[in-house]
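Student: I have a structure I would like to understand better, so I am pasting it below and will then ask my questions one at a time.
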Amino acid sequence: MQGTYRQSMPELHPALAEQGRRIIEHGLDTPHDADLVPLSCDVIEGDIAAVLFSHGDALEWVVFEYDTDWLSRGLTALRVEDSPLHGQEAQVAIRFETWTRSRTRRWSPKGRHLVHTRVLRAHRIAQLRVATRTIATPHGWAIMVWRGRRAPAISVGNA
């Protein structure tokens with residue numbers, strides 16, 4: 001895993017993958033553990049998904065691939081106080097990006113089956129349009145996921 005911002009990873013919530021699967025299947029309003037609050041979810045139907053949570057002083061996320069069921073690809077966390085947050089104007093700022101190779105698809109030398117995840121801080125932004133899907137940002141954070149080397153186009157929808 002690679003990231004644009006390196007630091008020590010906080011301890012992950014023990015139910016992170018289970019809660020992430022529930023969010024993918026039932027949405028952000030799904031009942032959840034009180035100490036693991038869902039912030040954002042991005043699902044490419046029948047392919048890959050990612051769910052972002054707040055847990056204590058950290059952001060935690062889980063990435064899934066679909067192969068007869070949603071299988072966890074990996075868990076990651078970032079301490080909020082360690083992340084370089086600044087500015088109050090409406091903006092989308094990249095904070096952390098990870099990538100791994102697909103386990104459910106044959107590896108391609110051109111990188112078509114790389115799975116990318118990007119966590120973004122979205123100040124005063126109601127939603128993001130990523131390719132053909134919409135990602136709600138009710139808590140000012142977003143997560144997006146995609147395959148391939150190039151990130152999809154992002155546009156902003158303000159409240």
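Just so we're on the same page: first chain in the structure tokens is A, next is B, and so on; residues restart at 1 for each chain, and ligands are numbered from 1 in the order they show up.
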Excluding segment 25-33 of chain A and any residue of its chain fewer than 3 positions from it, enumerate the residues within 12 Å of it, using only C-alpha atoms, and give them as a PyMOL selection string.
Tutor: chain A and resi 13-16+18-22+36-43+45-46+49-55+64+66+69-70+135-139
Student: For Val119 of chain A, which residue among A:Ser102, A:Glu11, A:Val156, A:Glu97 is the nearest when counting only C-alpha atoms?
Tutor: A:Glu97
Student: Please determine, counting only C-alpha atoms, which residue among A:Ile44, A:Arg129, A:Glu65, A:Thr134 has the shortest atom-to-atom distance to Thr100 of chain A.
Tutor: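 With only C-alpha atoms as the atom set, the closest residue is A:Glu65.
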